[in-house]
Every structure is written in C-alpha cells, then in structure tokens.
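Student: File name model-v3.pdb; file contents PDB, N, CA and C atoms; full text below.
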MODEL        1
ATOM      1  N   MET A   1       9.362   4.883 -27.153
ATOM      2  CA  MET A   1      10.017   6.180 -27.105
ATOM      3  C   MET A   1      11.524   5.938 -27.198
ATOM      4  N   ASN A   2      12.175   6.739 -28.017
ATOM      5  CA  ASN A   2      13.626   6.613 -28.113
ATOM      6  C   ASN A   2      14.306   7.539 -27.091
ATOM      7  N   ASP A   3      15.629   7.449 -27.003
ATOM      8  CA  ASP A   3      16.376   8.226 -26.012
ATOM      9  C   ASP A   3      16.202   9.736 -26.203
ATOM     10  N   SER A   4      16.203  10.206 -27.445
ATOM     11  CA  SER A   4      16.044  11.640 -27.707
ATOM     12  C   SER A   4      14.686  12.139 -27.245
ATOM     13  N   GLN A   5      13.640  11.379 -27.554
ATOM     14  CA  GLN A   5      12.287  11.759 -27.118
ATOM     15  C   GLN A   5      12.208  11.791 -25.595
ATOM     16  N   TYR A   6      12.756  10.752 -24.952
ATOM     17  CA  TYR A   6      12.748  10.705 -23.490
ATOM     18  C   TYR A   6      13.432  11.940 -22.910
ATOM     19  N   ASN A   7      14.624  12.248 -23.413
ATOM     20  CA  ASN A   7      15.375  13.382 -22.868
ATOM     21  C   ASN A   7      14.631  14.696 -23.037
ATOM     22  N   LEU A   8      13.989  14.910 -24.166
ATOM     23  CA  LEU A   8      13.192  16.134 -24.371
ATOM     24  C   LEU A   8      12.032  16.204 -23.381
ATOM     25  N   ILE A   9      11.290  15.119 -23.253
ATOM     26  CA  ILE A   9      10.128  15.092 -22.363
ATOM     27  C   ILE A   9      10.563  15.242 -20.906
ATOM     28  N   ALA A  10      11.614  14.529 -20.515
ATOM     29  CA  ALA A  10      12.083  14.581 -19.130
ATOM     30  C   ALA A  10      12.669  15.953 -18.785
ATOM     31  N   ASP A  11      13.423  16.551 -19.696
ATOM     32  CA  ASP A  11      13.967  17.889 -19.448
ATOM     33  C   ASP A  11      12.846  18.921 -19.325
ATOM     34  N   ASP A  12      11.833  18.805 -20.171
ATOM     35  CA  ASP A  12      10.678  19.706 -20.068
ATOM     36  C   ASP A  12       9.978  19.539 -18.729
ATOM     37  N   LEU A  13       9.881  18.301 -18.260
ATOM     38  CA  LEU A  13       9.247  18.040 -16.969
ATOM     39  C   LEU A  13      10.031  18.698 -15.840
ATOM     40  N   LEU A  14      11.330  18.519 -15.807
ATOM     41  CA  LEU A  14      12.136  19.118 -14.740
ATOM     42  C   LEU A  14      12.020  20.638 -14.739
ATOM     43  N   LEU A  15      12.015  21.237 -15.910
ATOM     44  CA  LEU A  15      11.837  22.694 -16.010
ATOM     45  C   LEU A  15      10.448  23.105 -15.517
ATOM     46  N   ALA A  16       9.426  22.343 -15.876
ATOM     47  CA  ALA A  16       8.059  22.647 -15.429
ATOM     48  C   ALA A  16       7.949  22.527 -13.912
ATOM     49  N   ILE A  17       8.644  21.573 -13.317
ATOM     50  CA  ILE A  17       8.627  21.442 -11.855
ATOM     51  C   ILE A  17       9.294  22.660 -11.216
ATOM     52  N   GLU A  18      10.424  23.084 -11.753
ATOM     53  CA  GLU A  18      11.080  24.295 -11.244
ATOM     54  C   GLU A  18      10.129  25.483 -11.284
ATOM     55  N   GLU A  19       9.464  25.667 -12.414
ATOM     56  CA  GLU A  19       8.534  26.791 -12.561
ATOM     57  C   GLU A  19       7.361  26.675 -11.603
ATOM     58  N   ALA A  20       6.850  25.465 -11.402
ATOM     59  CA  ALA A  20       5.730  25.266 -10.479
ATOM     60  C   ALA A  20       6.157  25.569  -9.045
ATOM     61  N   ILE A  21       7.359  25.181  -8.675
ATOM     62  CA  ILE A  21       7.861  25.473  -7.329
ATOM     63  C   ILE A  21       8.033  26.981  -7.164
ATOM     64  N   GLU A  22       8.575  27.625  -8.181
ATOM     65  CA  GLU A  22       8.770  29.084  -8.141
ATOM     66  C   GLU A  22       7.432  29.810  -7.971
ATOM     67  N   ASP A  23       6.376  29.293  -8.601
ATOM     68  CA  ASP A  23       5.067  29.953  -8.600
ATOM     69  C   ASP A  23       4.144  29.512  -7.469
ATOM     70  N   CYS A  24       4.560  28.574  -6.625
ATOM     71  CA  CYS A  24       3.629  27.991  -5.639
ATOM     72  C   CYS A  24       3.327  28.902  -4.459
ATOM     73  N   GLY A  25       4.131  29.940  -4.257
ATOM     74  CA  GLY A  25       3.855  30.874  -3.173
ATOM     75  C   GLY A  25       4.436  30.469  -1.824
ATOM     76  N   VAL A  26       5.163  29.360  -1.775
ATOM     77  CA  VAL A  26       5.800  28.901  -0.542
ATOM     78  C   VAL A  26       7.307  28.934  -0.773
ATOM     79  N   ASP A  27       8.046  29.302   0.273
ATOM     80  CA  ASP A  27       9.495  29.415   0.159
ATOM     81  C   ASP A  27      10.132  28.025   0.148
ATOM     82  N   ILE A  28      10.397  27.523  -1.045
ATOM     83  CA  ILE A  28      11.072  26.240  -1.236
ATOM     84  C   ILE A  28      12.286  26.508  -2.122
ATOM     85  N   ASP A  29      13.448  26.150  -1.629
ATOM     86  CA  ASP A  29      14.656  26.318  -2.431
ATOM     87  C   ASP A  29      14.782  25.138  -3.386
ATOM     88  N   TYR A  30      15.347  25.389  -4.556
ATOM     89  CA  TYR A  30      15.593  24.294  -5.482
ATOM     90  C   TYR A  30      16.910  24.526  -6.187
ATOM     91  N   GLU A  31      17.520  23.404  -6.564
ATOM     92  CA  GLU A  31      18.783  23.461  -7.293
ATOM     93  C   GLU A  31      18.754  22.382  -8.360
ATOM     94  N   SER A  32      19.092  22.772  -9.561
ATOM     95  CA  SER A  32      19.140  21.846 -10.678
ATOM     96  C   SER A  32      20.588  21.649 -11.098
ATOM     97  N   VAL A  33      21.035  20.402 -11.080
ATOM     98  CA  VAL A  33      22.390  20.069 -11.501
ATOM     99  C   VAL A  33      22.287  18.870 -12.429
ATOM    100  N   GLY A  34      22.612  19.101 -13.684
ATOM    101  CA  GLY A  34      22.533  18.015 -14.657
ATOM    102  C   GLY A  34      21.122  17.474 -14.779
ATOM    103  N   SER A  35      20.973  16.212 -14.501
ATOM    104  CA  SER A  35      19.667  15.564 -14.641
ATOM    105  C   SER A  35      18.970  15.395 -13.301
ATOM    106  N   MET A  36      19.386  16.175 -12.289
ATOM    107  CA  MET A  36      18.803  16.059 -10.954
ATOM    108  C   MET A  36      18.312  17.416 -10.451
ATOM    109  N   LEU A  37      17.117  17.402  -9.871
ATOM    110  CA  LEU A  37      16.516  18.594  -9.277
ATOM    111  C   LEU A  37      16.294  18.305  -7.797
ATOM    112  N   THR A  38      16.851  19.147  -6.929
ATOM    113  CA  THR A  38      16.703  18.971  -5.491
ATOM    114  C   THR A  38      15.847  20.105  -4.941
ATOM    115  N   LEU A  39      14.789  19.734  -4.214
ATOM    116  CA  LEU A  39      13.938  20.696  -3.519
ATOM    117  C   LEU A  39      14.313  20.645  -2.051
ATOM    118  N   ALA A  40      14.597  21.807  -1.449
ATOM    119  CA  ALA A  40      15.002  21.874  -0.049
ATOM    120  C   ALA A  40      13.977  22.701   0.733
ATOM    121  N   PHE A  41      13.564  22.156   1.878
ATOM    122  CA  PHE A  41      12.507  22.764   2.678
ATOM    123  C   PHE A  41      13.078  23.348   3.968
ATOM    124  N   LYS A  42      12.331  24.278   4.577
ATOM    125  CA  LYS A  42      12.782  24.966   5.782
ATOM    126  C   LYS A  42      13.089  24.003   6.922
ATOM    127  N   ASN A  43      12.386  22.868   6.976
ATOM    128  CA  ASN A  43      12.602  21.912   8.063
ATOM    129  C   ASN A  43      13.820  21.012   7.810
ATOM    130  N   GLY A  44      14.568  21.281   6.747
ATOM    131  CA  GLY A  44      15.774  20.522   6.451
ATOM    132  C   GLY A  44      15.557  19.305   5.570
ATOM    133  N   SER A  45      14.316  18.960   5.289
ATOM    134  CA  SER A  45      14.054  17.802   4.433
ATOM    135  C   SER A  45      14.235  18.176   2.962
ATOM    136  N   LYS A  46      14.360  17.153   2.131
ATOM    137  CA  LYS A  46      14.561  17.369   0.702
ATOM    138  C   LYS A  46      13.718  16.394  -0.101
ATOM    139  N   ILE A  47      13.437  16.790  -1.325
ATOM    140  CA  ILE A  47      12.882  15.893  -2.335
ATOM    141  C   ILE A  47      13.861  15.945  -3.500
ATOM    142  N   ILE A  48      14.258  14.765  -3.963
ATOM    143  CA  ILE A  48      15.195  14.689  -5.081
ATOM    144  C   ILE A  48      14.489  14.046  -6.264
ATOM    145  N   ILE A  49      14.522  14.743  -7.393
ATOM    146  CA  ILE A  49      13.876  14.277  -8.628
ATOM    147  C   ILE A  49      14.980  14.130  -9.658
ATOM    148  N   ASN A  50      15.101  12.939 -10.238
ATOM    149  CA  ASN A  50      16.147  12.797 -11.236
ATOM    150  C   ASN A  50      15.745  11.883 -12.382
ATOM    151  N   LYS A  51      16.391  12.155 -13.492
ATOM    152  CA  LYS A  51      16.180  11.358 -14.699
ATOM    153  C   LYS A  51      16.932  10.045 -14.574
ATOM    154  N   GLN A  52      16.318   8.992 -15.031
ATOM    155  CA  GLN A  52      16.972   7.697 -15.160
ATOM    156  C   GLN A  52      16.902   7.336 -16.633
ATOM    157  N   ALA A  53      17.812   7.944 -17.405
ATOM    158  CA  ALA A  53      17.771   7.834 -18.858
ATOM    159  C   ALA A  53      17.826   6.394 -19.383
ATOM    160  N   PRO A  54      18.656   5.525 -18.834
ATOM    161  CA  PRO A  54      18.692   4.165 -19.386
ATOM    162  C   PRO A  54      17.349   3.437 -19.282
ATOM    163  N   LEU A  55      16.561   3.798 -18.259
ATOM    164  CA  LEU A  55      15.261   3.154 -18.040
ATOM    165  C   LEU A  55      14.094   3.974 -18.584
ATOM    166  N   HIS A  56      14.371   5.189 -19.044
ATOM    167  CA  HIS A  56      13.339   6.137 -19.481
ATOM    168  C   HIS A  56      12.337   6.400 -18.352
ATOM    169  N   GLU A  57      12.868   6.634 -17.161
ATOM    170  CA  GLU A  57      12.042   6.888 -15.983
ATOM    171  C   GLU A  57      12.460   8.192 -15.312
ATOM    172  N   ILE A  58      11.568   8.677 -14.438
ATOM    173  CA  ILE A  58      11.861   9.771 -13.518
ATOM    174  C   ILE A  58      11.748   9.171 -12.126
ATOM    175  N   TRP A  59      12.775   9.366 -11.316
ATOM    176  CA  TRP A  59      12.746   8.859  -9.948
ATOM    177  C   TRP A  59      12.564  10.034  -8.999
ATOM    178  N   VAL A  60      11.708   9.839  -7.990
ATOM    179  CA  VAL A  60      11.442  10.865  -6.989
ATOM    180  C   VAL A  60      11.675  10.254  -5.608
ATOM    181  N   ALA A  61      12.577  10.863  -4.841
ATOM    182  CA  ALA A  61      12.854  10.419  -3.482
ATOM    183  C   ALA A  61      12.394  11.500  -2.515
ATOM    184  N   THR A  62      11.519  11.118  -1.588
ATOM    185  CA  THR A  62      11.058  12.023  -0.537
ATOM    186  C   THR A  62      11.618  11.525   0.792
ATOM    187  N   LYS A  63      11.315  12.232   1.867
ATOM    188  CA  LYS A  63      11.809  11.775   3.170
ATOM    189  C   LYS A  63      11.058  10.517   3.623
ATOM    190  N   PHE A  64       9.985  10.178   2.930
ATOM    191  CA  PHE A  64       9.184   9.017   3.312
ATOM    192  C   PHE A  64       9.435   7.793   2.431
ATOM    193  N   ASN A  65       9.679   8.006   1.132
ATOM    194  CA  ASN A  65       9.816   6.872   0.224
ATOM    195  C   ASN A  65      10.321   7.332  -1.139
ATOM    196  N   GLY A  66      10.504   6.388  -2.029
ATOM    197  CA  GLY A  66      10.928   6.693  -3.387
ATOM    198  C   GLY A  66       9.962   6.092  -4.390
ATOM    199  N   HIS A  67       9.819   6.745  -5.512
ATOM    200  CA  HIS A  67       8.892   6.291  -6.550
ATOM    201  C   HIS A  67       9.540   6.420  -7.916
ATOM    202  N   HIS A  68       9.163   5.518  -8.806
ATOM    203  CA  HIS A  68       9.649   5.526 -10.178
ATOM    204  C   HIS A  68       8.460   5.804 -11.086
ATOM    205  N   PHE A  69       8.625   6.756 -11.991
ATOM    206  CA  PHE A  69       7.551   7.166 -12.889
ATOM    207  C   PHE A  69       7.943   6.894 -14.333
ATOM    208  N   VAL A  70       6.975   6.431 -15.114
ATOM    209  CA  VAL A  70       7.172   6.185 -16.547
ATOM    210  C   VAL A  70       6.148   7.012 -17.314
ATOM    211  N   PHE A  71       6.522   7.442 -18.499
ATOM    212  CA  PHE A  71       5.642   8.265 -19.326
ATOM    213  C   PHE A  71       4.741   7.349 -20.154
ATOM    214  N   ASP A  72       3.425   7.558 -20.046
ATOM    215  CA  ASP A  72       2.467   6.697 -20.753
ATOM    216  C   ASP A  72       1.983   7.301 -22.072
ATOM    217  N   GLY A  73       2.636   8.376 -22.497
ATOM    218  CA  GLY A  73       2.225   9.064 -23.709
ATOM    219  C   GLY A  73       1.507  10.366 -23.412
ATOM    220  N   GLU A  74       0.947  10.484 -22.198
ATOM    221  CA  GLU A  74       0.274  11.709 -21.751
ATOM    222  C   GLU A  74       0.785  12.193 -20.409
ATOM    223  N   HIS A  75       0.986  11.251 -19.476
ATOM    224  CA  HIS A  75       1.336  11.596 -18.100
ATOM    225  C   HIS A  75       2.460  10.695 -17.605
ATOM    226  N   TRP A  76       3.138  11.178 -16.576
ATOM    227  CA  TRP A  76       4.109  10.354 -15.868
ATOM    228  C   TRP A  76       3.361   9.592 -14.786
ATOM    229  N   GLN A  77       3.390   8.264 -14.863
ATOM    230  CA  GLN A  77       2.642   7.407 -13.946
ATOM    231  C   GLN A  77       3.593   6.621 -13.044
ATOM    232  N   ASP A  78       3.207   6.495 -11.779
ATOM    233  CA  ASP A  78       3.968   5.728 -10.801
ATOM    234  C   ASP A  78       3.913   4.243 -11.172
ATOM    235  N   LYS A  79       5.065   3.617 -11.284
ATOM    236  CA  LYS A  79       5.112   2.200 -11.657
ATOM    237  C   LYS A  79       4.513   1.311 -10.567
ATOM    238  N   ARG A  80       4.594   1.759  -9.316
ATOM    239  CA  ARG A  80       4.116   0.954  -8.199
ATOM    240  C   ARG A  80       2.619   1.100  -7.982
ATOM    241  N   GLY A  81       2.196   2.330  -7.778
ATOM    242  CA  GLY A  81       0.807   2.560  -7.406
ATOM    243  C   GLY A  81      -0.070   3.098  -8.520
ATOM    244  N   GLY A  82       0.530   3.476  -9.652
ATOM    245  CA  GLY A  82      -0.251   3.978 -10.760
ATOM    246  C   GLY A  82      -0.659   5.426 -10.655
ATOM    247  N   GLY A  83      -0.264   6.123  -9.574
ATOM    248  CA  GLY A  83      -0.624   7.526  -9.430
ATOM    249  C   GLY A  83       0.137   8.413 -10.401
ATOM    250  N   GLU A  84      -0.387   9.599 -10.616
ATOM    251  CA  GLU A  84       0.186  10.558 -11.557
ATOM    252  C   GLU A  84       1.216  11.434 -10.841
ATOM    253  N   LEU A  85       2.297  11.772 -11.532
ATOM    254  CA  LEU A  85       3.430  12.481 -10.939
ATOM    255  C   LEU A  85       3.041  13.808 -10.303
ATOM    256  N   TRP A  86       2.272  14.647 -10.987
ATOM    257  CA  TRP A  86       1.966  15.973 -10.441
ATOM    258  C   TRP A  86       1.169  15.872  -9.148
ATOM    259  N   GLN A  87       0.248  14.915  -9.074
ATOM    260  CA  GLN A  87      -0.520  14.730  -7.838
ATOM    261  C   GLN A  87       0.388  14.233  -6.722
ATOM    262  N   PHE A  88       1.259  13.281  -7.061
ATOM    263  CA  PHE A  88       2.212  12.781  -6.072
ATOM    264  C   PHE A  88       3.098  13.910  -5.560
ATOM    265  N   LEU A  89       3.650  14.720  -6.470
ATOM    266  CA  LEU A  89       4.515  15.830  -6.064
ATOM    267  C   LEU A  89       3.768  16.843  -5.204
ATOM    268  N   SER A  90       2.534  17.152  -5.578
ATOM    269  CA  SER A  90       1.741  18.092  -4.776
ATOM    270  C   SER A  90       1.603  17.592  -3.347
ATOM    271  N   ASN A  91       1.293  16.310  -3.195
ATOM    272  CA  ASN A  91       1.142  15.735  -1.850
ATOM    273  C   ASN A  91       2.470  15.729  -1.097
ATOM    274  N   ALA A  92       3.531  15.288  -1.754
ATOM    275  CA  ALA A  92       4.835  15.199  -1.094
ATOM    276  C   ALA A  92       5.355  16.579  -0.692
ATOM    277  N   VAL A  93       5.250  17.540  -1.598
ATOM    278  CA  VAL A  93       5.715  18.897  -1.297
ATOM    279  C   VAL A  93       4.874  19.509  -0.177
ATOM    280  N   SER A  94       3.579  19.265  -0.183
ATOM    281  CA  SER A  94       2.710  19.785   0.884
ATOM    282  C   SER A  94       3.121  19.244   2.241
ATOM    283  N   VAL A  95       3.400  17.954   2.314
ATOM    284  CA  VAL A  95       3.804  17.338   3.578
ATOM    285  C   VAL A  95       5.135  17.912   4.046
ATOM    286  N   GLN A  96       6.109  17.975   3.147
ATOM    287  CA  GLN A  96       7.435  18.412   3.563
ATOM    288  C   GLN A  96       7.524  19.920   3.777
ATOM    289  N   ALA A  97       6.675  20.701   3.116
ATOM    290  CA  ALA A  97       6.665  22.154   3.325
ATOM    291  C   ALA A  97       5.723  22.547   4.462
ATOM    292  N   GLU A  98       4.929  21.579   4.934
ATOM    293  CA  GLU A  98       3.953  21.819   5.993
ATOM    294  C   GLU A  98       2.984  22.919   5.591
ATOM    295  N   ALA A  99       2.528  22.843   4.325
ATOM    296  CA  ALA A  99       1.562  23.793   3.764
ATOM    297  C   ALA A  99       0.842  23.097   2.620
ATOM    298  N   THR A 100      -0.355  23.544   2.318
ATOM    299  CA  THR A 100      -1.091  22.964   1.191
ATOM    300  C   THR A 100      -0.599  23.584  -0.101
ATOM    301  N   ILE A 101      -0.078  22.740  -0.987
ATOM    302  CA  ILE A 101       0.495  23.210  -2.233
ATOM    303  C   ILE A 101      -0.047  22.348  -3.374
ATOM    304  N   GLU A 102      -0.504  22.987  -4.408
ATOM    305  CA  GLU A 102      -1.001  22.280  -5.599
ATOM    306  C   GLU A 102      -0.074  22.623  -6.756
ATOM    307  N   LEU A 103       0.675  21.646  -7.211
ATOM    308  CA  LEU A 103       1.597  21.855  -8.316
ATOM    309  C   LEU A 103       0.989  21.328  -9.608
ATOM    310  N   SER A 104       1.279  22.004 -10.706
ATOM    311  CA  SER A 104       0.844  21.519 -12.017
ATOM    312  C   SER A 104       1.774  22.084 -13.074
ATOM    313  N   ALA A 105       1.684  21.513 -14.253
ATOM    314  CA  ALA A 105       2.541  21.939 -15.359
ATOM    315  C   ALA A 105       2.048  23.232 -15.988
ATOM    316  N   GLU A 106       0.883  23.704 -15.610
ATOM    317  CA  GLU A 106       0.321  24.901 -16.244
ATOM    318  C   GLU A 106       0.322  26.079 -15.323
TER     319      GLU A 106
ENDMDL
END
Have the structure of the file written as structure tokens, please.
Tutor:
Amino acid sequence: MNDSQYNLIADDLLLAIEEAIEDCGVDIDYESVGSMLTLAFKNGSKIIINKQAPLHEIWVATKFNGHHFVFDGEHWQDKRGGGELWQFLSNAVSVQAEATIELSAE
C-alpha cells in the first residue's frame, strides 16, 4: 500500500469510528484534530486513536494499554494479538463507558 492509499483508508476509518460513536446510543464525547480522534468518557477516561502515517498503522491508546493496527487488505489487525480493530474498540469503549457497546463500520 502506498501513502495515498493508506491515508484514504485511515481517514475513512476515523470517520467511520466517529459515526459509530455517534450512533452507539451512549453519551461519549469525541474530538477529531488532524490525524487524531479522542474519545472522552463520563468517568474522565479517554481513548486516543491516531494515524501513524510513516508506518501505515493506526494506534489506539486506552486507559489500560496501547495497540498498533495494520491493514491486511480487508481489516485492521492488531500487530500484537492479531485481533480485529472493531472488536477491540467495542470492548475498550464498553469498559471505559461502563456499558455494553458494539461498534462497527456499518
């Protein structure tokens, strides 16, 4: 994947995450600045999602840990554990929002 392809895919992902948060039915604030999306929860915790363009990765930092995701042609996969980004985000957002939340791109 070249830089242009990465930027298109990563920008679409960040927008899809914003839309999924907006549609999840739980009050989660979000702010997008440049290549970084910050999710803020009522308990004061945050999740930070940002593009790492030189590496063609998406990095996600939660109050518990950080993960690096790479695009495999279909999905964003965790470099460490191999999990898929949307499932990881659903779990992380559920924990930090203290509610069951299922996020997806659709």
Student: Considering only C-alpha atoms, can you say which of A:Ile58, A:Glu74, A:Ala99, A:Ala10 comes closest to Ile28 in chain A?
Tutor: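 Of all the options, A:Ala99 lies closest to Ile28 in chain A.
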Student: Env of Thr38 in chain A: 6 Å cut, atoms = all atoms listed in the file, seq-sep filter 4 positions within chain, self excluded. Answer as a ChimeraX atom specification.
Tutor: /A:29-32,47-49
Student: I'd like to see the residues matched by the PyMOL selection byres ((chain A and resi 21-27) around 8) on this file, and ideally I'd get them as a ChimeraX atom specification.
Tutor: /A:15-20,28-30,40-42,97,99-104
Student: Could you spell out the hits of the PyMOL selection byres ((chain A and resi 70) around 6) on the shown file, as a list in words?
Tutor: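 This file gives the following for the PyMOL selection byres ((chain A and resi 70) around 6): His56, Glu57, Ile58, His68, Phe69, Phe71, Asp72, His75, Trp76, Gln77, Asp78 and Lys79 of chain A.
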Student: Expanded to explicit residues, what is the PyMOL selection byres (((chain A and resi 86 and name CA) around 8) and name CA) for this file, as an NGL selection string?
Tutor: :A and (84-85 or 87-90 or 103-105)
Student: Any chance you can output those residues with N, CA and C atoms as a PDB file, in the coordinates of the input?
Tutor:
ATOM      1  N   GLU A  84      -0.387   9.599 -10.616  1.00  0.00           N
ATOM      2  CA  GLU A  84       0.186  10.558 -11.557  1.00  0.00           C
ATOM      3  C   GLU A  84       1.216  11.434 -10.841  1.00  0.00           C
ATOM      4  N   LEU A  85       2.297  11.772 -11.532  1.00  0.00           N
ATOM      5  CA  LEU A  85       3.430  12.481 -10.939  1.00  0.00           C
ATOM      6  C   LEU A  85       3.041  13.808 -10.303  1.00  0.00           C
ATOM      7  N   GLN A  87       0.248  14.915  -9.074  1.00  0.00           N
ATOM      8  CA  GLN A  87      -0.520  14.730  -7.838  1.00  0.00           C
ATOM      9  C   GLN A  87       0.388  14.233  -6.722  1.00  0.00           C
ATOM     10  N   PHE A  88       1.259  13.281  -7.061  1.00  0.00           N
ATOM     11  CA  PHE A  88       2.212  12.781  -6.072  1.00  0.00           C
ATOM     12  C   PHE A  88       3.098  13.910  -5.560  1.00  0.00           C
ATOM     13  N   LEU A  89       3.650  14.720  -6.470  1.00  0.00           N
ATOM     14  CA  LEU A  89       4.515  15.830  -6.064  1.00  0.00           C
ATOM     15  C   LEU A  89       3.768  16.843  -5.204  1.00  0.00           C
ATOM     16  N   SER A  90       2.534  17.152  -5.578  1.00  0.00           N
ATOM     17  CA  SER A  90       1.741  18.092  -4.776  1.00  0.00           C
ATOM     18  C   SER A  90       1.603  17.592  -3.347  1.00  0.00           C
ATOM     19  N   LEU A 103       0.675  21.646  -7.211  1.00  0.00           N
ATOM     20  CA  LEU A 103       1.597  21.855  -8.316  1.00  0.00           C
ATOM     21  C   LEU A 103       0.989  21.328  -9.608  1.00  0.00           C
ATOM     22  N   SER A 104       1.279  22.004 -10.706  1.00  0.00           N
ATOM     23  CA  SER A 104       0.844  21.519 -12.017  1.00  0.00           C
ATOM     24  C   SER A 104       1.774  22.084 -13.074  1.00  0.00           C
ATOM     25  N   ALA A 105       1.684  21.513 -14.253  1.00  0.00           N
ATOM     26  CA  ALA A 105       2.541  21.939 -15.359  1.00  0.00           C
ATOM     27  C   ALA A 105       2.048  23.232 -15.988  1.00  0.00           C
TER      28      ALA A 105
END
Student: Pick the closest to Asn50 in chain A from A:Ser35, A:Met1, A:Lys63, A:Val95: which is it, counting all atoms listed in the file?
Tutor: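 Of the candidates, the smallest distance to Asn50 in chain A is held by A:Ser35.
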Student: Rounded to one decimal place, report the CA of Asn91 in chain A-CA of Val33 in chain A distance in Å.
Tutor: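 Calculated distance between CA of Asn91 in chain A and CA of Val33 in chain A is 23.7 Å.
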